[in-house]
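Engineer: Enclosed is the structure file structure-v2.pdb (PDB, C-alpha atoms).
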```
ATOM      1  CA  MET Y   1     152.327  77.579  95.389  1.00  0.00           C
ATOM      2  CA  SER Y   2     149.763  75.178  96.694  1.00  0.00           C
ATOM      3  CA  GLY Y   3     147.097  75.395  99.315  1.00  0.00           C
ATOM      4  CA  PRO Y   4     143.430  76.259  99.552  1.00  0.00           C
ATOM      5  CA  GLY Y   5     142.341  78.672  96.849  1.00  0.00           C
ATOM      6  CA  ARG Y   6     145.752  78.764  95.166  1.00  0.00           C
ATOM      7  CA  VAL Y   7     146.630  77.399  91.774  1.00  0.00           C
ATOM      8  CA  SER Y   8     150.091  76.080  91.024  1.00  0.00           C
ATOM      9  CA  ALA Y   9     151.933  77.147  87.881  1.00  0.00           C
ATOM     10  CA  VAL Y  10     151.497  73.635  86.486  1.00  0.00           C
ATOM     11  CA  GLU Y  11     147.749  73.644  87.200  1.00  0.00           C
ATOM     12  CA  ALA Y  12     147.425  77.078  85.594  1.00  0.00           C
ATOM     13  CA  ALA Y  13     149.305  75.916  82.495  1.00  0.00           C
ATOM     14  CA  LEU Y  14     147.051  72.870  82.165  1.00  0.00           C
ATOM     15  CA  SER Y  15     143.734  74.610  82.770  1.00  0.00           C
ATOM     16  CA  PRO Y  16     141.545  75.304  79.738  1.00  0.00           C
ATOM     17  CA  GLN Y  17     141.688  78.695  78.079  1.00  0.00           C
ATOM     18  CA  PRO Y  18     138.703  80.938  78.805  1.00  0.00           C
ATOM     19  CA  GLY Y  19     135.902  81.303  76.310  1.00  0.00           C
ATOM     20  CA  MET Y  20     132.650  83.132  75.797  1.00  0.00           C
ATOM     21  CA  VAL Y  21     130.943  81.077  78.509  1.00  0.00           C
ATOM     22  CA  GLN Y  22     133.218  82.773  81.089  1.00  0.00           C
ATOM     23  CA  ILE Y  23     132.185  86.318  80.132  1.00  0.00           C
ATOM     24  CA  PRO Y  24     129.568  86.632  82.909  1.00  0.00           C
ATOM     25  CA  ALA Y  25     132.242  85.724  85.486  1.00  0.00           C
ATOM     26  CA  LEU Y  26     134.614  88.277  83.923  1.00  0.00           C
ATOM     27  CA  LEU Y  27     131.916  90.946  84.163  1.00  0.00           C
ATOM     28  CA  ALA Y  28     131.253  90.006  87.785  1.00  0.00           C
ATOM     29  CA  ARG Y  29     134.959  90.475  88.599  1.00  0.00           C
ATOM     30  CA  VAL Y  30     135.211  93.905  86.975  1.00  0.00           C
ATOM     31  CA  GLY Y  31     131.905  94.870  88.569  1.00  0.00           C
ATOM     32  CA  ALA Y  32     133.297  93.927  91.972  1.00  0.00           C
ATOM     33  CA  ALA Y  33     136.309  96.134  91.181  1.00  0.00           C
ATOM     34  CA  GLY Y  34     133.967  99.115  90.767  1.00  0.00           C
ATOM     35  CA  LEU Y  35     133.148  99.186  87.046  1.00  0.00           C
ATOM     36  CA  PRO Y  36     129.399  99.368  86.398  1.00  0.00           C
ATOM     37  CA  VAL Y  37     128.964  96.907  83.516  1.00  0.00           C
ATOM     38  CA  GLU Y  38     125.941  95.352  81.839  1.00  0.00           C
ATOM     39  CA  LEU Y  39     125.705  92.368  79.465  1.00  0.00           C
ATOM     40  CA  SER Y  40     123.288  92.207  76.554  1.00  0.00           C
ATOM     41  CA  ALA Y  41     123.185  89.047  74.435  1.00  0.00           C
ATOM     42  CA  ASP Y  42     121.217  88.169  71.325  1.00  0.00           C
ATOM     43  CA  ALA Y  43     121.384  84.727  69.749  1.00  0.00           C
ATOM     44  CA  PRO Y  44     119.053  82.630  67.594  1.00  0.00           C
ATOM     45  CA  VAL Y  45     117.743  79.590  69.436  1.00  0.00           C
ATOM     46  CA  GLN Y  46     118.226  77.201  66.487  1.00  0.00           C
ATOM     47  CA  THR Y  47     122.047  77.431  66.523  1.00  0.00           C
ATOM     48  CA  PRO Y  48     123.237  74.677  68.873  1.00  0.00           C
ATOM     49  CA  ARG Y  49     126.966  74.388  68.037  1.00  0.00           C
ATOM     50  CA  ALA Y  50     129.643  76.165  70.011  1.00  0.00           C
ATOM     51  CA  LEU Y  51     132.472  78.238  68.548  1.00  0.00           C
ATOM     52  CA  PRO Y  52     135.787  76.623  67.647  1.00  0.00           C
ATOM     53  CA  PRO Y  53     138.192  76.913  70.624  1.00  0.00           C
ATOM     54  CA  GLY Y  54     140.461  79.566  69.066  1.00  0.00           C
ATOM     55  CA  LEU Y  55     137.560  81.801  68.083  1.00  0.00           C
ATOM     56  CA  ASP Y  56     135.920  81.221  71.466  1.00  0.00           C
ATOM     57  CA  LEU Y  57     139.124  82.448  73.156  1.00  0.00           C
ATOM     58  CA  ALA Y  58     139.401  85.399  70.751  1.00  0.00           C
ATOM     59  CA  GLY Y  59     135.865  86.530  71.641  1.00  0.00           C
ATOM     60  CA  TYR Y  60     136.656  86.367  75.340  1.00  0.00           C
ATOM     61  CA  ARG Y  61     139.890  88.328  74.830  1.00  0.00           C
ATOM     62  CA  VAL Y  62     138.016  91.079  72.954  1.00  0.00           C
ATOM     63  CA  VAL Y  63     135.747  91.634  75.946  1.00  0.00           C
ATOM     64  CA  GLN Y  64     138.624  91.309  78.434  1.00  0.00           C
ATOM     65  CA  GLU Y  65     140.819  93.864  76.629  1.00  0.00           C
ATOM     66  CA  ALA Y  66     137.947  96.298  76.154  1.00  0.00           C
ATOM     67  CA  LEU Y  67     137.045  96.185  79.849  1.00  0.00           C
ATOM     68  CA  THR Y  68     140.706  96.593  80.818  1.00  0.00           C
ATOM     69  CA  ASN Y  69     140.884  99.697  78.628  1.00  0.00           C
ATOM     70  CA  VAL Y  70     137.727 101.157  80.173  1.00  0.00           C
ATOM     71  CA  MET Y  71     139.128 100.686  83.662  1.00  0.00           C
ATOM     72  CA  LYS Y  72     142.513 102.097  82.658  1.00  0.00           C
ATOM     73  CA  HIS Y  73     141.335 105.100  80.639  1.00  0.00           C
ATOM     74  CA  ALA Y  74     137.781 105.883  81.761  1.00  0.00           C
ATOM     75  CA  GLY Y  75     137.725 104.798  85.389  1.00  0.00           C
ATOM     76  CA  GLN Y  76     134.233 103.881  86.508  1.00  0.00           C
ATOM     77  CA  ALA Y  77     132.373 104.792  83.331  1.00  0.00           C
ATOM     78  CA  ARG Y  78     129.144 102.894  82.747  1.00  0.00           C
ATOM     79  CA  THR Y  79     129.918 100.115  80.306  1.00  0.00           C
ATOM     80  CA  THR Y  80     127.811  97.851  78.112  1.00  0.00           C
ATOM     81  CA  VAL Y  81     128.940  94.570  76.580  1.00  0.00           C
ATOM     82  CA  ARG Y  82     126.735  93.445  73.691  1.00  0.00           C
ATOM     83  CA  ILE Y  83     127.163  90.040  72.058  1.00  0.00           C
ATOM     84  CA  GLU Y  84     125.171  89.242  68.927  1.00  0.00           C
ATOM     85  CA  TYR Y  85     125.131  85.942  67.113  1.00  0.00           C
ATOM     86  CA  ARG Y  86     123.847  86.603  63.644  1.00  0.00           C
ATOM     87  CA  PRO Y  87     123.313  83.843  61.093  1.00  0.00           C
ATOM     88  CA  ARG Y  88     126.711  84.420  59.491  1.00  0.00           C
ATOM     89  CA  GLU Y  89     128.687  86.513  61.972  1.00  0.00           C
ATOM     90  CA  LEU Y  90     129.501  87.161  65.602  1.00  0.00           C
ATOM     91  CA  LEU Y  91     129.418  90.783  66.765  1.00  0.00           C
ATOM     92  CA  ILE Y  92     130.903  91.930  70.054  1.00  0.00           C
ATOM     93  CA  THR Y  93     130.525  95.564  71.065  1.00  0.00           C
ATOM     94  CA  VAL Y  94     131.848  97.109  74.258  1.00  0.00           C
ATOM     95  CA  SER Y  95     131.010 100.753  74.836  1.00  0.00           C
ATOM     96  CA  ASP Y  96     131.345 103.128  77.735  1.00  0.00           C
ATOM     97  CA  ASP Y  97     129.811 106.515  78.403  1.00  0.00           C
ATOM     98  CA  GLY Y  98     133.111 108.251  79.148  1.00  0.00           C
ATOM     99  CA  ARG Y  99     134.816 109.333  82.302  1.00  0.00           C
ATOM    100  CA  PRO Y 100     132.399 110.381  85.016  1.00  0.00           C
ATOM    101  CA  PRO Y 101     132.323 114.176  85.508  1.00  0.00           C
ATOM    102  CA  ASP Y 102     134.883 115.599  87.946  1.00  0.00           C
ATOM    103  CA  SER Y 103     136.968 112.439  87.946  1.00  0.00           C
ATOM    104  CA  LEU Y 104     140.677 112.048  87.424  1.00  0.00           C
ATOM    105  CA  PRO Y 105     142.115 109.535  84.979  1.00  0.00           C
ATOM    106  CA  ALA Y 106     142.212 106.072  86.566  1.00  0.00           C
ATOM    107  CA  ALA Y 107     146.035 105.968  86.393  1.00  0.00           C
ATOM    108  CA  LEU Y 108     146.304 109.227  88.338  1.00  0.00           C
ATOM    109  CA  THR Y 109     143.979 108.047  91.096  1.00  0.00           C
ATOM    110  CA  ALA Y 110     146.182 104.957  91.432  1.00  0.00           C
ATOM    111  CA  GLY Y 111     149.252 107.208  91.805  1.00  0.00           C
ATOM    112  CA  GLN Y 112     150.666 106.299  88.402  1.00  0.00           C
ATOM    113  CA  PRO Y 113     151.617 108.728  85.666  1.00  0.00           C
ATOM    114  CA  PRO Y 114     149.542 108.443  82.491  1.00  0.00           C
ATOM    115  CA  SER Y 115     151.135 106.256  79.841  1.00  0.00           C
ATOM    116  CA  PRO Y 116     152.258 108.298  76.812  1.00  0.00           C
ATOM    117  CA  GLY Y 117     152.012 105.748  73.984  1.00  0.00           C
ATOM    118  CA  GLY Y 118     149.568 103.180  75.307  1.00  0.00           C
ATOM    119  CA  GLY Y 119     149.932  99.454  74.990  1.00  0.00           C
ATOM    120  CA  ARG Y 120     149.618  96.943  72.193  1.00  0.00           C
ATOM    121  CA  GLY Y 121     146.260  95.497  73.220  1.00  0.00           C
ATOM    122  CA  LEU Y 122     144.177  96.729  70.292  1.00  0.00           C
ATOM    123  CA  ILE Y 123     146.865  95.787  67.770  1.00  0.00           C
ATOM    124  CA  GLY Y 124     146.975  92.303  69.262  1.00  0.00           C
ATOM    125  CA  LEU Y 125     143.182  92.006  69.094  1.00  0.00           C
ATOM    126  CA  ARG Y 126     143.142  93.069  65.444  1.00  0.00           C
ATOM    127  CA  GLU Y 127     145.757  90.433  64.651  1.00  0.00           C
ATOM    128  CA  ARG Y 128     143.936  87.763  66.667  1.00  0.00           C
ATOM    129  CA  LEU Y 129     140.629  88.468  64.895  1.00  0.00           C
ATOM    130  CA  ALA Y 130     142.249  88.659  61.451  1.00  0.00           C
ATOM    131  CA  VAL Y 131     143.205  84.986  61.784  1.00  0.00           C
ATOM    132  CA  TYR Y 132     139.447  84.229  61.640  1.00  0.00           C
ATOM    133  CA  GLY Y 133     138.660  86.804  58.956  1.00  0.00           C
ATOM    134  CA  GLY Y 134     137.391  89.232  61.591  1.00  0.00           C
ATOM    135  CA  VAL Y 135     137.848  92.964  62.013  1.00  0.00           C
ATOM    136  CA  LEU Y 136     138.085  95.310  64.975  1.00  0.00           C
ATOM    137  CA  ASP Y 137     136.956  98.910  65.069  1.00  0.00           C
ATOM    138  CA  ALA Y 138     137.674 101.123  68.066  1.00  0.00           C
ATOM    139  CA  GLY Y 139     137.272 104.814  68.647  1.00  0.00           C
ATOM    140  CA  PRO Y 140     135.454 107.625  70.405  1.00  0.00           C
ATOM    141  CA  ARG Y 141     131.661 107.663  70.488  1.00  0.00           C
ATOM    142  CA  PRO Y 142     129.743 110.756  69.423  1.00  0.00           C
ATOM    143  CA  GLY Y 143     128.773 112.538  72.619  1.00  0.00           C
ATOM    144  CA  GLY Y 144     131.540 110.971  74.692  1.00  0.00           C
ATOM    145  CA  GLY Y 145     132.897 107.639  75.676  1.00  0.00           C
ATOM    146  CA  TRP Y 146     134.548 104.895  73.662  1.00  0.00           C
ATOM    147  CA  ARG Y 147     133.323 102.017  71.523  1.00  0.00           C
ATOM    148  CA  LEU Y 148     135.092  98.836  70.525  1.00  0.00           C
ATOM    149  CA  ALA Y 149     133.369  96.575  67.986  1.00  0.00           C
ATOM    150  CA  ALA Y 150     134.526  93.189  66.710  1.00  0.00           C
ATOM    151  CA  ARG Y 151     132.947  91.410  63.754  1.00  0.00           C
ATOM    152  CA  VAL Y 152     133.892  87.802  62.967  1.00  0.00           C
ATOM    153  CA  PRO Y 153     132.365  85.710  60.193  1.00  0.00           C
ATOM    154  CA  LEU Y 154     130.906  82.349  61.206  1.00  0.00           C
ATOM    155  CA  GLU Y 155     131.374  79.516  58.745  1.00  0.00           C
ATOM    156  CA  PRO Y 156     128.518  77.204  57.785  1.00  0.00           C
ATOM    157  CA  ALA Y 157     128.694  73.631  58.991  1.00  0.00           C
ATOM    158  CA  ALA Y 158     130.922  71.299  56.979  1.00  0.00           C
ATOM    159  CA  ASP Y 159     127.923  69.056  56.272  1.00  0.00           C
ATOM    160  CA  GLY Y 160     126.278  71.891  54.295  1.00  0.00           C
ATOM    161  CA  GLY Y 161     123.301  71.782  56.631  1.00  0.00           C
ATOM    162  CA  GLY Y 162     122.473  75.471  56.262  1.00  0.00           C
ATOM    163  CA  GLU Y 163     121.393  77.696  59.120  1.00  0.00           C
ATOM    164  CA  PRO Y 164     120.732  75.052  61.774  1.00  0.00           C
ATOM    165  CA  GLY Y 165     124.358  73.890  61.430  1.00  0.00           C
ATOM    166  CA  LEU Y 166     125.909  77.293  61.996  1.00  0.00           C
ATOM    167  CA  PRO Y 167     127.940  77.827  65.143  1.00  0.00           C
ATOM    168  CA  GLY Y 168     125.665  78.738  67.976  1.00  0.00           C
ATOM    169  CA  PRO Y 169     125.746  80.759  71.139  1.00  0.00           C
ATOM    170  CA  PRO Y 170     127.730  79.630  74.140  1.00  0.00           C
ATOM    171  CA  ARG Y 171     125.686  77.884  76.827  1.00  0.00           C
ATOM    172  CA  PHE Y 172     125.311  81.044  78.925  1.00  0.00           C
ATOM    173  CA  LEU Y 173     123.702  82.878  75.994  1.00  0.00           C
ATOM    174  CA  ALA Y 174     121.410  80.025  74.945  1.00  0.00           C
ATOM    175  CA  ALA Y 175     120.180  79.612  78.518  1.00  0.00           C
ATOM    176  CA  SER Y 176     119.363  83.321  78.862  1.00  0.00           C
ATOM    177  CA  LEU Y 177     117.136  83.495  75.773  1.00  0.00           C
TER     178      LEU Y 177
END
```
Translate this file's structure into structure tokens.
Structural biologist:
Amino acid sequence: MSGPGRVSAVEAALSPQPGMVQIPALLARVGAAGLPVELSADAPVQTPRALPPGLDLAGYRVVQEALTNVMKHAGQARTTVRIEYRPRELLITVSDDGRPPDSLPAALTAGQPPSPGGGRGLIGLRERLAVYGGVLDAGPRPGGGWRLAARVPLEPAADGGGEPGLPGPPRFLAASL
């Protein structure tokens, strides 16, 4: 379909894949849908390069899937997204504080029965991260809630330049430091 504010199927197919720079917009959308979410980012200033496109997309998908799971399974639980660029690795952690007291599962409030087996989202994320040598850990937090953590190694620059040549934070992280 075409028209103001609408994207055709062709335009959608040709648009760039999302990356880490779009995470604030993603958080704004889920916040507008009722999920209280906060972003925390930590990145060294001397790391100017961006992530390779596939890894950039993988990082975005980790956050997207984690937030989808919070909304699906924990309703409006307070959620924190933490992104850390370390000298040799990228860490992404999404954690929630559990379902608010006296609340029904999100699926029940939407009039849907709870899903018995769940989806394939976490399996897909593990496979996506494994391509880059990364790992995904997900499970309950002590005291309630859920935590999803992704760890992906960052390769040194091909020119052997050491730390300044390592992949750096996306523009939104560098600007916020």
Engineer: Would you mind listing what lies within 12 Å of segment 126-138 of chain Y as a PyMOL selection string, with all atoms listed in the file counted and same-chain residues fewer than 6 positions away left out?
Structural biologist: chain Y and resi 51-63+65-66+69+88-96+120+145-155
Engineer: Excluding Gln76 of chain Y and its own-chain neighbours fewer than 2 positions away, which residues fall within 7 Å of it when counting all atoms listed in the file? Please give them as a ChimeraX atom specification.
Structural biologist: /Y:34-36,71,74,78,99-100
Engineer: Let me know the centre plus edge lengths, in Å and rounded to one decimal, of a box with edges along x, y and z that contains all listed atoms of segment 75-93 of chain Y and is padded by 8 Å on every side, as lines of an AutoDock Vina configuration file.
Structural biologist:
```
center_x = 130.5
center_y = 94.3
center_z = 73.0
size_x = 30.4
size_y = 37.0
size_z = 43.0
```
Engineer: Grab the atom CA of Leu27 of chain Y to atom CA of Arg82 of chain Y distance for me, in Å with one decimal place.
Structural biologist: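 Going from atom CA of Leu27 of chain Y over to atom CA of Arg82 of chain Y covers 11.9 Å.
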Engineer: Would you work out the distance separating atom CA of Met20 of chain Y from atom CA of Leu39 of chain Y, expressed in Å to one decimal?
Structural biologist: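 For atom CA of Met20 of chain Y relative to atom CA of Leu39 of chain Y, the distance reads 12.1 Å.
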